[in-house]
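Peer 1: Before I ask anything, here is the structure I am working with.
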Amino acid sequence: MKQLLLAIVITTLVSACATTTSPTGRRQMVGGVSQAQLDQLGAQAFAETKQKEKISSDGRQNGYVQCVVNALVAQLPPQYRGVRWETAVFVDKEPNAFALPGGKVGVNTGIFSVAKNQDQLAAVIGHEIGHVIARHHEERITRQMGAQTGLAVLGALAGAYGGEGAASTVNQLGGMGAQTAFLLPGSRTQESEADVIGQRLMAEAGFNPAQAVDLWQNMMAASGGRSPQWLSTHPDPANRIRELQRDVPTLGPVYQQAQAAGRRPKCG
C-alpha cells in the first residue's frame, strides 16, 4: 500500500489540474487523481477505520443503514450506481457518519439518537454521499497538493506508512494519509454544497426532504444548542436550518413525483 500511495502522489504531481463544475454549478479545481486511485484510497481509509473502531453486530441496525443507502444510491448517476456500496455501523455514541469514494459508508450508532426515522437518516447519509458525487475528496487532495512541494508530500506519505519514527514528519508537513485526505471535515463551502445535494437526493429517492430540517434541529437540541465538535467546520447551525427550510418548497414536487413513481422506501 505504501508503494501504491507513493505512486498515486507522483502521478498527481505530474498531472495537470483542471477547472470543472460541481453539481450545484460551483467552479472547482480538481485533477491528477483518477477515479480508480480515489476508490483505492477510499477503500484504504475505510479499512483503517474498521480496524480501529468497534463494528456493530446488530443485524437490524446494519440492515437499516444498508436499506437507506441502497435507496439513495439508486438515484445516483450511472457511474455510482454500478459500484457495490459497502456499509458499516460503528459502536460510537458520537452522532457521525461519512461516505468515501469507492462506495463506502460508515455510520456511528450515535446517529440513531438524533436521526429519529428513516427520512432523517437519509438526510445524514445523503449529505455524506453528496461529498462523494461533488468530488470534494478529489478537490481537497488537489488543494493540498498545491499547498505542498513534491518532496514534502512524498515525505509525509513515507512517514505515514513508515513507522512511528516518521509519524512526526507527517504531523509537521501535514501528511496526506488516506484518513487525513478523506475523513476530516470539508470546508464550509463543501458542507453547504453537500447539504443541497443530499436534500435533493433524498427527495428523489422518496424520502421527505422536510425531515432534513427536523434532523438538524434534533442535532442542535441534543448538543444543548451548540454545534457538536464534529460539526465545527460546518455552516452555522441556524443558517443551515434556514437554508434547508428554504429548499423544502422547491423539493416538495420532487418528493411527490418520487412517491408517485413508487419510490417509497420502507427501511424502518
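Naming works like this for the C-alpha cells: A, B, ... for the chains as they're shown, residue 1 at the start of each chain, ligands 1 onward in shown order.
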Determine, using only C-alpha atoms, which residues of region 191-214 of chain A have any atom at most 10 Å from an atom of region 135-143 of chain A, and tabulate each with its shortest atom pair and distance in Å to one decimal place, rows ordered by chain and then rising number, as a Markdown table.
Peer 2:
| residue | atom | partner | partner_atom | distance |
| --- | --- | --- | --- | --- |
| A:Glu191 | CA | A:His136 | CA | 9.4 |
| A:Glu193 | CA | A:His136 | CA | 9.6 |
| A:Ala194 | CA | A:His136 | CA | 9.0 |
Peer 1: Emit the selected residues as a CSV table (one decimal), in the first residue's frame, including all heavy atoms.
Peer 2:
chain,number,residue,atom,x,y,z
A,191,GLU,N,-19.5,21.7,2.8
A,191,GLU,CA,-20.5,21.3,3.6
A,191,GLU,C,-21.9,21.8,3.2
A,191,GLU,O,-22.9,21.1,3.2
A,191,GLU,CB,-20.2,21.6,5.1
A,191,GLU,CG,-19.0,20.9,5.7
A,191,GLU,CD,-19.1,19.4,5.7
A,191,GLU,OE1,-20.2,18.9,5.7
A,191,GLU,OE2,-18.0,18.8,5.6
A,193,GLU,N,-22.7,22.8,0.2
A,193,GLU,CA,-23.0,22.2,-1.1
A,193,GLU,C,-23.5,20.7,-0.9
A,193,GLU,O,-24.5,20.3,-1.5
A,193,GLU,CB,-21.8,22.1,-2.0
A,193,GLU,CG,-22.0,21.7,-3.4
A,193,GLU,CD,-20.9,22.0,-4.3
A,193,GLU,OE1,-19.7,21.4,-4.0
A,193,GLU,OE2,-21.0,22.7,-5.3
A,194,ALA,N,-22.9,20.0,0.1
A,194,ALA,CA,-23.4,18.6,0.4
A,194,ALA,C,-24.8,18.6,0.9
A,194,ALA,O,-25.5,17.7,0.7
A,194,ALA,CB,-22.4,18.0,1.3
Peer 1: Within 12 Å of region 206-216 of chain A, which residues of region 31-109 of chain A show up? Give each one with its shortest atom-to-atom distance in Å (one decimal) and the two atoms involved, counting only C-alpha atoms, rows by chain then rising residue number, as CSV.
Peer 2:
residue,atom,partner,partner_atom,distance
A:Val68,CA,A:Phe207,CA,9.3
A:Val69,CA,A:Phe207,CA,11.7
A:Asn70,CA,A:Gly206,CA,12.0
A:Ala71,CA,A:Gly206,CA,8.2
A:Leu72,CA,A:Gly206,CA,8.7
A:Val73,CA,A:Gly206,CA,12.0
A:Ala74,CA,A:Gly206,CA,10.9
A:Gln75,CA,A:Gly206,CA,9.8
A:Pro95,CA,A:Leu215,CA,11.4
Peer 1: Convert the current residue selection to file output with all heavy atoms, as a PDB file, in the first residue's frame.
Peer 2:
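The file below, again-v2.pdb, is the result:
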ATOM      1  N   VAL A  68     -31.292   2.303   3.558  1.00  0.00           N
ATOM      2  CA  VAL A  68     -31.301   3.724   3.225  1.00  0.00           C
ATOM      3  C   VAL A  68     -30.256   4.030   2.158  1.00  0.00           C
ATOM      4  O   VAL A  68     -30.518   4.759   1.196  1.00  0.00           O
ATOM      5  CB  VAL A  68     -31.053   4.574   4.491  1.00  0.00           C
ATOM      6  CG1 VAL A  68     -30.850   6.046   4.123  1.00  0.00           C
ATOM      7  CG2 VAL A  68     -32.217   4.430   5.463  1.00  0.00           C
ATOM      8  N   VAL A  69     -29.078   3.451   2.311  1.00  0.00           N
ATOM      9  CA  VAL A  69     -28.022   3.659   1.313  1.00  0.00           C
ATOM     10  C   VAL A  69     -28.469   3.169  -0.056  1.00  0.00           C
ATOM     11  O   VAL A  69     -28.300   3.856  -1.074  1.00  0.00           O
ATOM     12  CB  VAL A  69     -26.722   2.956   1.745  1.00  0.00           C
ATOM     13  CG1 VAL A  69     -25.704   2.947   0.605  1.00  0.00           C
ATOM     14  CG2 VAL A  69     -26.126   3.644   2.969  1.00  0.00           C
ATOM     15  N   ASN A  70     -29.058   1.992  -0.105  1.00  0.00           N
ATOM     16  CA  ASN A  70     -29.492   1.433  -1.394  1.00  0.00           C
ATOM     17  C   ASN A  70     -30.523   2.333  -2.079  1.00  0.00           C
ATOM     18  O   ASN A  70     -30.481   2.528  -3.299  1.00  0.00           O
ATOM     19  CB  ASN A  70     -30.081   0.037  -1.187  1.00  0.00           C
ATOM     20  CG  ASN A  70     -29.035  -0.997  -0.830  1.00  0.00           C
ATOM     21  OD1 ASN A  70     -27.833  -0.767  -0.981  1.00  0.00           O
ATOM     22  ND2 ASN A  70     -29.471  -2.140  -0.344  1.00  0.00           N
ATOM     23  N   ALA A  71     -31.448   2.871  -1.301  1.00  0.00           N
ATOM     24  CA  ALA A  71     -32.480   3.741  -1.867  1.00  0.00           C
ATOM     25  C   ALA A  71     -31.875   5.009  -2.437  1.00  0.00           C
ATOM     26  O   ALA A  71     -32.278   5.490  -3.511  1.00  0.00           O
ATOM     27  CB  ALA A  71     -33.528   4.076  -0.808  1.00  0.00           C
ATOM     28  N   LEU A  72     -30.900   5.572  -1.748  1.00  0.00           N
ATOM     29  CA  LEU A  72     -30.246   6.792  -2.217  1.00  0.00           C
ATOM     30  C   LEU A  72     -29.377   6.518  -3.442  1.00  0.00           C
ATOM     31  O   LEU A  72     -29.412   7.268  -4.430  1.00  0.00           O
ATOM     32  CB  LEU A  72     -29.392   7.392  -1.103  1.00  0.00           C
ATOM     33  CG  LEU A  72     -30.150   7.940   0.115  1.00  0.00           C
ATOM     34  CD1 LEU A  72     -29.178   8.249   1.249  1.00  0.00           C
ATOM     35  CD2 LEU A  72     -30.946   9.186  -0.244  1.00  0.00           C
ATOM     36  N   VAL A  73     -28.601   5.453  -3.384  1.00  0.00           N
ATOM     37  CA  VAL A  73     -27.685   5.123  -4.476  1.00  0.00           C
ATOM     38  C   VAL A  73     -28.443   4.871  -5.778  1.00  0.00           C
ATOM     39  O   VAL A  73     -27.953   5.191  -6.868  1.00  0.00           O
ATOM     40  CB  VAL A  73     -26.824   3.900  -4.103  1.00  0.00           C
ATOM     41  CG1 VAL A  73     -26.078   3.355  -5.309  1.00  0.00           C
ATOM     42  CG2 VAL A  73     -25.845   4.271  -2.999  1.00  0.00           C
ATOM     43  N   ALA A  74     -29.644   4.336  -5.670  1.00  0.00           N
ATOM     44  CA  ALA A  74     -30.438   4.044  -6.877  1.00  0.00           C
ATOM     45  C   ALA A  74     -30.738   5.302  -7.685  1.00  0.00           C
ATOM     46  O   ALA A  74     -31.075   5.214  -8.869  1.00  0.00           O
ATOM     47  CB  ALA A  74     -31.741   3.354  -6.480  1.00  0.00           C
ATOM     48  N   GLN A  75     -30.612   6.489  -7.068  1.00  0.00           N
ATOM     49  CA  GLN A  75     -30.889   7.743  -7.761  1.00  0.00           C
ATOM     50  C   GLN A  75     -29.619   8.474  -8.204  1.00  0.00           C
ATOM     51  O   GLN A  75     -29.698   9.578  -8.747  1.00  0.00           O
ATOM     52  CB  GLN A  75     -31.712   8.662  -6.854  1.00  0.00           C
ATOM     53  CG  GLN A  75     -33.012   8.045  -6.377  1.00  0.00           C
ATOM     54  CD  GLN A  75     -33.846   7.474  -7.521  1.00  0.00           C
ATOM     55  OE1 GLN A  75     -34.077   8.168  -8.518  1.00  0.00           O
ATOM     56  NE2 GLN A  75     -34.288   6.240  -7.384  1.00  0.00           N
ATOM     57  N   PRO A  95     -22.679  11.275  17.277  1.00  0.00           N
ATOM     58  CA  PRO A  95     -23.553  11.209  16.094  1.00  0.00           C
ATOM     59  C   PRO A  95     -22.812  11.640  14.833  1.00  0.00           C
ATOM     60  O   PRO A  95     -22.738  12.826  14.511  1.00  0.00           O
ATOM     61  CB  PRO A  95     -24.687  12.182  16.449  1.00  0.00           C
ATOM     62  CG  PRO A  95     -24.060  13.169  17.378  1.00  0.00           C
ATOM     63  CD  PRO A  95     -23.036  12.402  18.170  1.00  0.00           C
TER      64      PRO A  95
END
Peer 1: Any idea what the distance is between CA of Gln217 (chain A) and CA of Gln120 (chain A)?
Peer 2: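 Taking CA of Gln217 (chain A) as the start and CA of Gln120 (chain A) as the end point, the length is 10.7 Å.
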Peer 1: Could you check the closest approach to Ala45 (chain A) for each of A:Leu100, A:Val65, A:Ser22, A:Phe90 and tell me which residue wins, using only C-alpha atoms?
Peer 2: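 Among the listed residues, the smallest separation from Ala45 (chain A) belongs to A:Leu100.
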Peer 1: Just checking: using only C-alpha atoms, which residue out of A:Val89, A:Ala123, A:Val132, A:Ile197 ends up closest to Thr24 (chain A)?
Peer 2: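 Closest to Thr24 (chain A) of all the choices is A:Ile197.
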Peer 1: Where in region 115-147 of chain A does DSSP assign alpha helix (DSSP H), given as a PyMOL selection string?
Peer 2: chain A and resi 118-133+136-147
Peer 1: Take the residues from that selection and write them out as a PDB file, in the first residue's frame, keeping C-alpha atoms.
Peer 2:
ATOM      1  CA  GLN A 118     -35.579   6.740   8.002  1.00  0.00           C
ATOM      2  CA  ASP A 119     -36.057  10.154   6.392  1.00  0.00           C
ATOM      3  CA  GLN A 120     -33.756  11.822   8.889  1.00  0.00           C
ATOM      4  CA  LEU A 121     -31.168   9.078   8.481  1.00  0.00           C
ATOM      5  CA  ALA A 122     -31.424   9.602   4.718  1.00  0.00           C
ATOM      6  CA  ALA A 123     -30.674  13.305   5.275  1.00  0.00           C
ATOM      7  CA  VAL A 124     -27.441  12.394   7.072  1.00  0.00           C
ATOM      8  CA  ILE A 125     -26.308   9.781   4.575  1.00  0.00           C
ATOM      9  CA  GLY A 126     -27.468  11.819   1.574  1.00  0.00           C
ATOM     10  CA  HIS A 127     -25.303  14.692   2.779  1.00  0.00           C
ATOM     11  CA  GLU A 128     -22.282  12.392   3.069  1.00  0.00           C
ATOM     12  CA  ILE A 129     -22.855  10.838  -0.356  1.00  0.00           C
ATOM     13  CA  GLY A 130     -23.144  14.398  -1.658  1.00  0.00           C
ATOM     14  CA  HIS A 131     -19.486  14.894  -0.796  1.00  0.00           C
ATOM     15  CA  VAL A 132     -18.594  11.928  -2.995  1.00  0.00           C
ATOM     16  CA  ILE A 133     -20.570  12.871  -6.091  1.00  0.00           C
ATOM     17  CA  HIS A 136     -15.000  17.023  -2.651  1.00  0.00           C
ATOM     18  CA  HIS A 137     -12.352  14.460  -1.720  1.00  0.00           C
ATOM     19  CA  GLU A 138     -10.566  14.977  -5.021  1.00  0.00           C
ATOM     20  CA  GLU A 139     -10.888  18.731  -4.613  1.00  0.00           C
ATOM     21  CA  ARG A 140      -9.293  18.527  -1.174  1.00  0.00           C
ATOM     22  CA  ILE A 141      -6.404  16.418  -2.438  1.00  0.00           C
ATOM     23  CA  THR A 142      -5.822  18.849  -5.317  1.00  0.00           C
ATOM     24  CA  ARG A 143      -5.773  21.778  -2.884  1.00  0.00           C
ATOM     25  CA  GLN A 144      -3.381  20.011  -0.532  1.00  0.00           C
ATOM     26  CA  MET A 145      -1.097  19.090  -3.388  1.00  0.00           C
ATOM     27  CA  GLY A 146      -0.957  22.681  -4.473  1.00  0.00           C
ATOM     28  CA  ALA A 147      -0.011  23.797  -0.958  1.00  0.00           C
TER      29      ALA A 147
END
Peer 1: CA of Tyr64 (chain A) to CA of Ala134 (chain A): how many Å, to one decimal?
Peer 2: 25.0 Å
Peer 1: Residues at most 7 Å from Thr87 (chain A), counting only C-alpha atoms, excluding those fewer than 6 positions away in the same chain, as JSON, numbers by chain?
Peer 2: {"A": [66, 104, 105, 106]}
Peer 1: How would the residues just picked look written out with N, CA and C atoms as an mmCIF file, in the first residue's frame?
Peer 2:
data_model
loop_
_atom_site.group_PDB
_atom_site.id
_atom_site.type_symbol
_atom_site.label_atom_id
_atom_site.label_comp_id
_atom_site.auth_asym_id
_atom_site.auth_seq_id
_atom_site.Cartn_x
_atom_site.Cartn_y
_atom_site.Cartn_z
ATOM 1 N N GLN A 66 -28.122 -0.076 5.455
ATOM 2 C CA GLN A 66 -27.937 -0.540 4.075
ATOM 3 C C GLN A 66 -29.167 -0.233 3.226
ATOM 4 N N LYS A 104 -18.197 3.486 -0.045
ATOM 5 C CA LYS A 104 -18.058 3.126 1.367
ATOM 6 C C LYS A 104 -18.844 4.109 2.229
ATOM 7 N N VAL A 105 -19.669 3.591 3.138
ATOM 8 C CA VAL A 105 -20.451 4.437 4.037
ATOM 9 C C VAL A 105 -20.295 3.924 5.459
ATOM 10 N N GLY A 106 -19.943 4.821 6.368
ATOM 11 C CA GLY A 106 -19.830 4.472 7.775
ATOM 12 C C GLY A 106 -20.787 5.321 8.603
#
Peer 1: With a distance cut-off of 9 Å and only C-alpha atoms, select the neighbouring residues of region 258-260 of chain A, excluding the residue or stretch itself and same-chain residues fewer than 4 positions from it, and output the selection as a list in words.
Peer 2: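 Contacts, in chain order: Ala203, Glu204, Ala205, Gly206, Phe207, Pro253, Val254 and Arg264 of chain A.
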Peer 1: Can you tell me how far CA of Arg26 (chain A) sits from CA of Leu41 (chain A), in Å to one decimal?
Peer 2: 24.8 Å
